[in-house]
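Trainee: Mind having a look at this structure? Questions to follow.
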Amino acid sequence: MLYSEINGQGTVNIDDSVICQIIEETVEAEFKGRVWISNKKSQVSSFMTKFGGRNVTDDIEMYLERGQVYVKMYIIIKFGLSIKGTTDELIQRLKETIEEKSLMPVKEVTLVVNGVMAKHVAKRNIEIRG
């Protein structure tokens with residue numbers, strides 16, 4: 001459970017999986033074919049999920065501190081794209097979308113670029129915070 005609040009109307013609970021689903025939908029809808037969510041070992045999560053492997057929620061780290069969300073995730077970027085431009089755009093879209101859909105402020109999104117996808121994944125380890 002990432003967040004829980006009791007108010008006059010009842011209890012509001014937001015689970016980690018909700019934020020993970022928002023992240024997955026944003027990457028799929030706006031960065032399809034350019035960015036893939038991966039795990040620490042550079043395995044693309046969507047491929048693993050389809051074949052009965054890990055769930056994408058296992059590969060996204062997040063926590064709540066002082067009412068603000070911190071997210072860390074691993075990605076692979078398509079060869080030929082600007083790493084800086086793509087990661088800056090992804091960080092901004094994730095912050096906006098999470099805040100819009102969950103009404104929870106996002107303090108920081110950290111992306112670790114695990115690789116660049118061409119015919120095969122060329123491994124990298126570049127961490128970008130925003």
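Going through the structure tokens in order, the chains are called A, B, and so on, while each chain numbers its residues from 1 and the ligands are numbered from 1 in the order shown.
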Which of range 4-119 of chain A end up as strand (DSSP E) when DSSP is run on this backbone - answer as a ChimeraX atom specification?

Mentor: /A:4-7,10-14,35-38,60-65,68-78,106-117

Trainee: Report as a PyMOL selection string: the residues of range 19-86 of chain A with a DSSP assignment of alpha helix (DSSP H), based on the backbone of this structure.

Mentor: chain A and resi 19-30+45-50+83-86

Trainee: What is the distance between CA of Thr11 in chain A and CA of Thr97 in chain A, in Å to one decimal?

Mentor: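 Computed distance, CA of Thr11 in chain A to CA of Thr97 in chain A, equals 23.0 Å.
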
Trainee: Name the closest residue to Ile77 in chain A among the candidates A:Met104, A:Glu96, A:Glu65, A:Asn125; distances are taken between atoms, counting only C-alpha atoms.

Mentor: A:Asn125

Trainee: With only C-alpha atoms as the basis for distance, which of A:Pro105, A:Gly85, A:Gly115, A:Gly130 is at the shortest distance from Val69 in chain A?

Mentor: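 Comparing A:Pro105, A:Gly85, A:Gly115, A:Gly130 against Val69 in chain A, the winner is A:Pro105.
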
Trainee: Point out the residue among A:Gln92, A:Gln43, A:Gln21, A:Thr57 with the least atom-to-atom distance to Ile75 in chain A, counting only C-alpha atoms.

Mentor: A:Gln43
